[in-house]
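J.: Structure below; questions to follow.
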Amino acid sequence: MDKNKIKTSCLINNYNYAEFLSEAIDSALNQTVKFDEIIIVDDASTDNSAEVINKFTQVANVKCILKEKNEGQLSSFNEGFLAATGDIIFFLDADDIYEPQYLETALNFYKRRSECDLIFCAYKKFGAVEGTFQSDAVDLDLGYSVIRTLYNGEWIGSITSTLSIRREIVRKFLPIPNIEDWRVRADDCLVWGASLVGAKKFYMSKPLVMYRIHENNQYHNKKFLDIDKNYEYKRFWKRNSLFNYILQKNNFSSPLFLAFTSLNELKTISCPKYQDFVSYLKIIFLFEHSLFWKIKGMILLFSYFFKTLMTGKLKTW
């Protein structure tokens, strides 16, 4: 056995997507480099999803979890992770599709950058809407984001199916008990959770995931916003509850010298953007209690900004 081999798990979460599910599973099975295991979690679907899943039960590396009660997307993430044994966990929504070379490309990225804890990639929209979504045209080292997530609530990531995370990171925040809060948009828990426990994030610019747009896309169509006009307000409190849980689970406390820590975190971004400096300036100005460190922190931040600008490392696009 190759001791350097990275074991991979693909977690497919499904609820009433029988018409799309086979394509999602096939896309995971037909990778140029094979997943060690594919775990399908069905959240008590009321359509014929169970029949579709049953067709794949004889495949050696496929595991199936058929839940008896519908509890939402976060619950499926919890169940899938507890059953997974991979070193890196890949997440796939049952209505999306992987390009055949996705896993191979991602694994090569993890091997080249051993410090990488989480990757999200660009993706192509298909179905009712078509197009390519790239947050940047080149691969990026996004550094760490504990401080800017904790104090600014920043969401540094992408949709579920573009995410892969090292197991040692995921286990620090999953399983999460407050499943009712995240019946939908549970990728928030993955993105925020990874940030809070200290994941070093990278962006992969090649669009290797197909994100299906259809009438039942709750996130893309913002259906929950039409039903509940107070959704964003409620989401703010759900986020607070989530953060408190993860921080307590990991015995995390706020840094003693916030300005100093903020500057050090900013420096983990290899080529920071203007907006990155604005984010940390806001944190230092609003949340640093010591007047001395508030002033010194802002001076040091501006100094680093001009140094980055002069050396050509500031991304201006």
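The way I read the labels, and the way they are meant: chains A, B, ... in the order of the structure tokens, residue 1 as the first residue of every chain, and ligand 1 as the first ligand shown, with later ones counted on from there.
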Residues within 8 Å of Asp139 of chain A, please, as a list of chain:residue names. Count only C-alpha atoms; anything in the same chain fewer than 4 positions from it doesn't count.

T.: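 Counting only C-alpha atoms, the residues come to A:Phe202, A:Tyr203, A:Met204, A:Ser205.
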
J.: Please save all heavy atoms of the selected residues as a short mmCIF file (atom, residue, chain, number, x, y, z; two decimals), in the first residue's frame.

T.:
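Result saved to out28.cif:
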data_model
loop_
_atom_site.label_atom_id
_atom_site.label_comp_id
_atom_site.auth_asym_id
_atom_site.auth_seq_id
_atom_site.Cartn_x
_atom_site.Cartn_y
_atom_site.Cartn_z
N PHE A 202 -7.65 27.78 -0.82
CA PHE A 202 -7.15 28.06 -2.16
C PHE A 202 -8.32 28.06 -3.14
O PHE A 202 -9.31 27.36 -2.94
CB PHE A 202 -6.13 27.00 -2.60
CG PHE A 202 -4.79 27.14 -1.94
CD1 PHE A 202 -4.60 26.72 -0.63
CD2 PHE A 202 -3.71 27.68 -2.62
CE1 PHE A 202 -3.36 26.82 -0.02
CE2 PHE A 202 -2.47 27.80 -2.02
CZ PHE A 202 -2.29 27.37 -0.71
N TYR A 203 -8.17 28.85 -4.18
CA TYR A 203 -9.15 28.91 -5.26
C TYR A 203 -8.53 28.32 -6.51
O TYR A 203 -7.39 28.65 -6.87
CB TYR A 203 -9.57 30.36 -5.51
CG TYR A 203 -10.26 30.60 -6.83
CD1 TYR A 203 -11.57 30.21 -7.03
CD2 TYR A 203 -9.60 31.23 -7.88
CE1 TYR A 203 -12.21 30.43 -8.25
CE2 TYR A 203 -10.22 31.46 -9.09
CZ TYR A 203 -11.53 31.06 -9.28
OH TYR A 203 -12.14 31.28 -10.48
N MET A 204 -9.28 27.45 -7.17
CA MET A 204 -8.82 26.81 -8.41
C MET A 204 -9.66 27.37 -9.56
O MET A 204 -10.89 27.23 -9.57
CB MET A 204 -8.99 25.29 -8.29
CG MET A 204 -8.22 24.48 -9.27
SD MET A 204 -8.06 22.73 -8.75
CE MET A 204 -9.78 22.22 -8.66
N SER A 205 -8.99 28.02 -10.50
CA SER A 205 -9.70 28.82 -11.50
C SER A 205 -10.34 28.00 -12.62
O SER A 205 -11.20 28.50 -13.35
CB SER A 205 -8.74 29.85 -12.12
OG SER A 205 -7.63 29.20 -12.72
#

J.: Select from segment 89-192 of chain A every residue with an atom at most 10 Å from any atom of segment 230-252 of chain A, then for each give the shortest pair of atoms and their distance in Å to one decimal, using only C-alpha atoms, rows by chain and rising number, as a tab-separated table.

T.:
residue	atom	partner	partner_atom	distance
A:Thr149	CA	A:Phe243	CA	9.5
A:Leu150	CA	A:Phe243	CA	7.7
A:Gly153	CA	A:Arg239	CA	8.4
A:Lys172	CA	A:Asn250	CA	6.9
A:Phe173	CA	A:Ile246	CA	5.8
A:Leu174	CA	A:Ile246	CA	8.9
A:Ile176	CA	A:Tyr245	CA	8.0
A:Pro177	CA	A:Tyr245	CA	8.9
A:Asn178	CA	A:Leu242	CA	7.8
A:Glu180	CA	A:Lys238	CA	9.8
A:Asp181	CA	A:Lys238	CA	6.2
A:Trp182	CA	A:Lys238	CA	8.3
A:Asp188	CA	A:Arg239	CA	8.7
A:Cys189	CA	A:Leu242	CA	7.6
A:Trp192	CA	A:Phe243	CA	8.1

J.: DSSP on the backbone, strand (DSSP E or B) only: what residues of segment 190-277 of chain A does that give? Format it as a VMD selection string.

T.: chain A and resid 201 to 213 273

J.: I need the residues from that last selection saved to file as a CSV table (one decimal), in the first residue's frame (with all heavy atoms), if you can.

T.:
chain,number,residue,atom,x,y,z
A,201,LYS,N,-7.1,28.3,2.7
A,201,LYS,CA,-8.0,28.1,1.5
A,201,LYS,C,-7.3,28.5,0.2
A,201,LYS,O,-6.5,29.4,0.2
A,201,LYS,CB,-9.3,29.0,1.7
A,201,LYS,CG,-10.1,28.6,2.8
A,201,LYS,CD,-11.4,29.3,2.9
A,201,LYS,CE,-12.3,28.9,4.0
A,201,LYS,NZ,-13.6,29.6,4.1
A,202,PHE,N,-7.7,27.8,-0.8
A,202,PHE,CA,-7.2,28.1,-2.2
A,202,PHE,C,-8.3,28.1,-3.1
A,202,PHE,O,-9.3,27.4,-2.9
A,202,PHE,CB,-6.1,27.0,-2.6
A,202,PHE,CG,-4.8,27.1,-1.9
A,202,PHE,CD1,-4.6,26.7,-0.6
A,202,PHE,CD2,-3.7,27.7,-2.6
A,202,PHE,CE1,-3.4,26.8,0.0
A,202,PHE,CE2,-2.5,27.8,-2.0
A,202,PHE,CZ,-2.3,27.4,-0.7
A,203,TYR,N,-8.2,28.9,-4.2
A,203,TYR,CA,-9.2,28.9,-5.3
A,203,TYR,C,-8.5,28.3,-6.5
A,203,TYR,O,-7.4,28.6,-6.9
A,203,TYR,CB,-9.6,30.4,-5.5
A,203,TYR,CG,-10.3,30.6,-6.8
A,203,TYR,CD1,-11.6,30.2,-7.0
A,203,TYR,CD2,-9.6,31.2,-7.9
A,203,TYR,CE1,-12.2,30.4,-8.3
A,203,TYR,CE2,-10.2,31.5,-9.1
A,203,TYR,CZ,-11.5,31.1,-9.3
A,203,TYR,OH,-12.1,31.3,-10.5
A,204,MET,N,-9.3,27.4,-7.2
A,204,MET,CA,-8.8,26.8,-8.4
A,204,MET,C,-9.7,27.4,-9.6
A,204,MET,O,-10.9,27.2,-9.6
A,204,MET,CB,-9.0,25.3,-8.3
A,204,MET,CG,-8.2,24.5,-9.3
A,204,MET,SD,-8.1,22.7,-8.7
A,204,MET,CE,-9.8,22.2,-8.7
A,205,SER,N,-9.0,28.0,-10.5
A,205,SER,CA,-9.7,28.8,-11.5
A,205,SER,C,-10.3,28.0,-12.6
A,205,SER,O,-11.2,28.5,-13.4
A,205,SER,CB,-8.7,29.8,-12.1
A,205,SER,OG,-7.6,29.2,-12.7
A,206,LYS,N,-9.9,26.8,-12.8
A,206,LYS,CA,-10.5,25.9,-13.9
A,206,LYS,C,-11.9,25.5,-13.5
A,206,LYS,O,-12.1,24.9,-12.4
A,206,LYS,CB,-9.6,24.7,-14.1
A,206,LYS,CG,-9.9,24.0,-15.4
A,206,LYS,CD,-8.8,23.0,-15.7
A,206,LYS,CE,-9.1,22.3,-17.1
A,206,LYS,NZ,-8.0,21.3,-17.4
A,207,PRO,N,-12.9,25.7,-14.3
A,207,PRO,CA,-14.3,25.4,-14.0
A,207,PRO,C,-14.5,23.9,-14.2
A,207,PRO,O,-14.7,23.4,-15.4
A,207,PRO,CB,-15.1,26.2,-15.0
A,207,PRO,CG,-14.2,26.5,-16.1
A,207,PRO,CD,-12.8,26.5,-15.6
A,208,LEU,N,-14.5,23.1,-13.2
A,208,LEU,CA,-14.5,21.6,-13.3
A,208,LEU,C,-15.8,21.0,-12.7
A,208,LEU,O,-15.9,19.8,-12.5
A,208,LEU,CB,-13.3,21.0,-12.6
A,208,LEU,CG,-12.0,21.3,-13.3
A,208,LEU,CD1,-10.8,20.9,-12.4
A,208,LEU,CD2,-11.9,20.7,-14.7
A,209,VAL,N,-16.8,21.9,-12.3
A,209,VAL,CA,-18.0,21.5,-11.7
A,209,VAL,C,-19.2,22.1,-12.6
A,209,VAL,O,-19.1,23.3,-13.0
A,209,VAL,CB,-18.2,21.9,-10.3
A,209,VAL,CG1,-19.6,21.7,-9.7
A,209,VAL,CG2,-17.2,21.2,-9.4
A,210,MET,N,-20.2,21.3,-12.8
A,210,MET,CA,-21.4,21.8,-13.5
A,210,MET,C,-22.5,22.0,-12.5
A,210,MET,O,-22.9,21.1,-11.9
A,210,MET,CB,-21.8,20.8,-14.6
A,210,MET,CG,-20.7,20.4,-15.6
A,210,MET,SD,-20.5,21.8,-16.8
A,210,MET,CE,-22.0,21.7,-17.8
A,211,TYR,N,-22.9,23.3,-12.4
A,211,TYR,CA,-23.9,23.7,-11.4
A,211,TYR,C,-25.3,23.8,-12.2
A,211,TYR,O,-25.4,24.8,-13.0
A,211,TYR,CB,-23.5,25.0,-10.8
A,211,TYR,CG,-24.5,25.6,-9.8
A,211,TYR,CD1,-25.2,24.9,-8.8
A,211,TYR,CD2,-24.8,27.0,-9.9
A,211,TYR,CE1,-26.1,25.4,-8.0
A,211,TYR,CE2,-25.7,27.6,-9.0
A,211,TYR,CZ,-26.3,26.8,-8.1
A,211,TYR,OH,-27.2,27.4,-7.2
A,212,ARG,N,-26.2,22.9,-11.9
A,212,ARG,CA,-27.4,22.9,-12.6
A,212,ARG,C,-28.4,24.0,-12.1
A,212,ARG,O,-28.7,24.0,-10.9
A,212,ARG,CB,-28.1,21.5,-12.5
A,212,ARG,CG,-29.3,21.3,-13.4
A,212,ARG,CD,-30.0,20.0,-13.1
A,212,ARG,NE,-29.2,18.9,-13.1
A,212,ARG,CZ,-29.0,18.1,-14.2
A,212,ARG,NH1,-29.7,18.3,-15.3
A,212,ARG,NH2,-28.2,17.0,-14.1
A,213,ILE,N,-28.9,24.8,-13.0
A,213,ILE,CA,-30.0,25.8,-12.7
A,213,ILE,C,-31.3,25.3,-13.1
A,213,ILE,O,-31.5,25.0,-14.3
A,213,ILE,CB,-29.7,27.1,-13.3
A,213,ILE,CG1,-28.2,27.6,-13.1
A,213,ILE,CG2,-30.7,28.2,-12.8
A,213,ILE,CD1,-27.9,27.8,-11.6
A,273,LYS,N,-5.8,41.5,-2.4
A,273,LYS,CA,-6.5,42.5,-3.1
A,273,LYS,C,-6.8,43.7,-2.3
A,273,LYS,O,-6.7,43.7,-1.0
A,273,LYS,CB,-7.8,41.9,-3.6
A,273,LYS,CG,-7.7,40.7,-4.6
A,273,LYS,CD,-9.1,40.2,-5.0
A,273,LYS,CE,-8.9,39.0,-5.9
A,273,LYS,NZ,-10.2,38.5,-6.4

J.: Neighbouring residues of segment 9-19 of chain A were defined as those with any atom within 8 Å, considering only C-alpha atoms; residues of the same chain fewer than 6 positions away were excluded. Please report them as a compact mmCIF listing (two decimals) with N, CA, C and O atoms, in the first residue's frame.

T.:
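Contents of the output file around-v7.txt:
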# COMPACT_ATOMS: atom_id res chain seq x y z
N ILE A 25 -24.18 10.83 -9.66
CA ILE A 25 -23.43 9.65 -9.23
C ILE A 25 -22.47 9.19 -10.33
O ILE A 25 -21.30 8.89 -10.07
N ALA A 28 -19.37 11.20 -10.52
CA ALA A 28 -18.41 10.87 -9.47
C ALA A 28 -17.71 9.54 -9.77
O ALA A 28 -16.52 9.38 -9.48
N PHE A 35 -12.54 7.92 -7.05
CA PHE A 35 -12.76 8.15 -5.63
C PHE A 35 -12.61 6.81 -4.90
O PHE A 35 -13.03 5.77 -5.40
N ASP A 36 -12.04 6.85 -3.71
CA ASP A 36 -11.95 5.64 -2.90
C ASP A 36 -13.32 5.21 -2.39
O ASP A 36 -13.58 4.02 -2.25
N GLU A 37 -14.16 6.20 -2.11
CA GLU A 37 -15.52 5.88 -1.71
C GLU A 37 -16.46 7.01 -2.11
O GLU A 37 -16.08 8.18 -2.13
N ILE A 38 -17.67 6.61 -2.46
CA ILE A 38 -18.74 7.56 -2.77
C ILE A 38 -19.90 7.24 -1.83
O ILE A 38 -20.38 6.11 -1.80
N ILE A 39 -20.28 8.23 -1.04
CA ILE A 39 -21.33 8.02 -0.05
C ILE A 39 -22.54 8.85 -0.45
O ILE A 39 -22.48 10.08 -0.52
N ILE A 40 -23.65 8.16 -0.71
CA ILE A 40 -24.89 8.83 -1.10
C ILE A 40 -25.80 8.88 0.12
O ILE A 40 -26.14 7.85 0.70
N VAL A 41 -26.17 10.09 0.51
CA VAL A 41 -27.08 10.27 1.65
C VAL A 41 -28.41 10.79 1.13
O VAL A 41 -28.48 11.90 0.59
N ASP A 42 -29.44 9.97 1.26
CA ASP A 42 -30.78 10.40 0.85
C ASP A 42 -31.58 10.85 2.06
O ASP A 42 -31.74 10.10 3.02
N ASP A 43 -32.06 12.08 2.01
CA ASP A 43 -32.72 12.70 3.15
C ASP A 43 -34.22 12.41 3.15
O ASP A 43 -35.05 13.32 3.14
N ALA A 44 -34.57 11.09 3.16
CA ALA A 44 -35.97 10.65 3.20
C ALA A 44 -36.78 11.24 2.05
O ALA A 44 -37.85 11.84 2.24
N SER A 45 -36.28 11.06 0.83
CA SER A 45 -36.98 11.57 -0.36
C SER A 45 -38.34 10.91 -0.52
O SER A 45 -38.53 9.75 -0.15
N THR A 46 -39.26 11.66 -1.13
CA THR A 46 -40.61 11.14 -1.36
C THR A 46 -40.81 10.79 -2.84
O THR A 46 -41.89 10.32 -3.22
N ASP A 47 -39.79 11.02 -3.66
CA ASP A 47 -39.87 10.60 -5.07
C ASP A 47 -39.23 9.22 -5.20
O ASP A 47 -39.14 8.49 -4.21
N ASN A 48 -38.77 8.86 -6.37
CA ASN A 48 -38.19 7.53 -6.56
C ASN A 48 -36.67 7.52 -6.43
O ASN A 48 -35.97 6.72 -7.06
N SER A 49 -36.13 8.40 -5.58
CA SER A 49 -34.68 8.46 -5.37
C SER A 49 -34.12 7.13 -4.88
O SER A 49 -33.03 6.71 -5.28
N VAL A 52 -33.42 4.82 -7.67
CA VAL A 52 -32.23 5.23 -8.42
C VAL A 52 -30.97 4.81 -7.66
O VAL A 52 -30.04 4.24 -8.24
N GLN A 73 -30.31 19.58 4.69
CA GLN A 73 -28.99 19.38 4.10
C GLN A 73 -27.87 19.20 5.12
O GLN A 73 -27.00 18.35 4.96
N SER A 76 -27.63 15.77 6.38
CA SER A 76 -27.01 14.87 5.40
C SER A 76 -25.49 15.01 5.41
O SER A 76 -24.77 14.01 5.29
N PHE A 77 -25.00 16.23 5.56
CA PHE A 77 -23.55 16.43 5.68
C PHE A 77 -23.02 15.70 6.92
O PHE A 77 -21.98 15.04 6.86
N GLY A 80 -23.12 11.87 6.31
CA GLY A 80 -22.12 11.48 5.33
C GLY A 80 -20.72 11.54 5.89
O GLY A 80 -19.91 10.62 5.68
N PHE A 81 -20.41 12.60 6.62
CA PHE A 81 -19.07 12.73 7.18
C PHE A 81 -18.78 11.64 8.21
O PHE A 81 -17.68 11.08 8.25
N ALA A 84 -17.75 8.63 6.41
CA ALA A 84 -16.61 8.77 5.50
C ALA A 84 -15.30 8.40 6.17
O ALA A 84 -15.12 8.58 7.37
N THR A 85 -14.36 7.90 5.37
CA THR A 85 -13.04 7.53 5.88
C THR A 85 -11.91 8.23 5.11
O THR A 85 -10.74 7.98 5.38
N GLY A 86 -12.25 9.09 4.17
CA GLY A 86 -11.25 9.73 3.33
C GLY A 86 -10.42 10.79 4.03
O GLY A 86 -10.87 11.38 5.02
N ASP A 87 -9.23 11.04 3.50
CA ASP A 87 -8.37 12.12 3.99
C ASP A 87 -8.86 13.48 3.50
O ASP A 87 -8.65 14.49 4.15
N ILE A 88 -9.48 13.47 2.33
CA ILE A 88 -10.08 14.68 1.77
C ILE A 88 -11.53 14.37 1.43
O ILE A 88 -11.83 13.33 0.82
N ILE A 89 -12.43 15.26 1.85
CA ILE A 89 -13.86 15.07 1.64
C ILE A 89 -14.32 16.00 0.52
O ILE A 89 -14.11 17.22 0.59
N PHE A 90 -14.95 15.44 -0.49
CA PHE A 90 -15.52 16.21 -1.59
C PHE A 90 -17.04 16.20 -1.45
O PHE A 90 -17.63 15.16 -1.17
N PHE A 91 -17.66 17.35 -1.66
CA PHE A 91 -19.10 17.50 -1.48
C PHE A 91 -19.77 17.72 -2.83
O PHE A 91 -19.30 18.51 -3.64
N LEU A 92 -20.88 17.00 -3.05
CA LEU A 92 -21.60 17.11 -4.32
C LEU A 92 -23.10 17.10 -4.08
O LEU A 92 -23.64 16.18 -3.47
N ASP A 93 -23.78 18.16 -4.56
CA ASP A 93 -25.24 18.17 -4.53
C ASP A 93 -25.76 17.26 -5.63
O ASP A 93 -25.17 17.17 -6.72
N ALA A 94 -26.89 16.61 -5.37
CA ALA A 94 -27.39 15.57 -6.26
C ALA A 94 -27.88 16.09 -7.61
O ALA A 94 -28.13 15.29 -8.52
N ASP A 95 -28.02 17.40 -7.76
CA ASP A 95 -28.43 17.95 -9.06
C ASP A 95 -27.26 18.53 -9.84
O ASP A 95 -27.46 19.11 -10.93

J.: To one decimal place, how far is atom CA of Ser290 of chain A from atom CA of Val146 of chain A in Å?

T.: 20.3 Å

J.: Determine which residues of segment 61-240 of chain A receive a DSSP assignment of alpha helix (DSSP H), computed from the backbone, and state them as a PyMOL selection string.

T.: chain A and resi 73-83+102-112+146-152+167-170+187-196+218-221+223-227+231-240
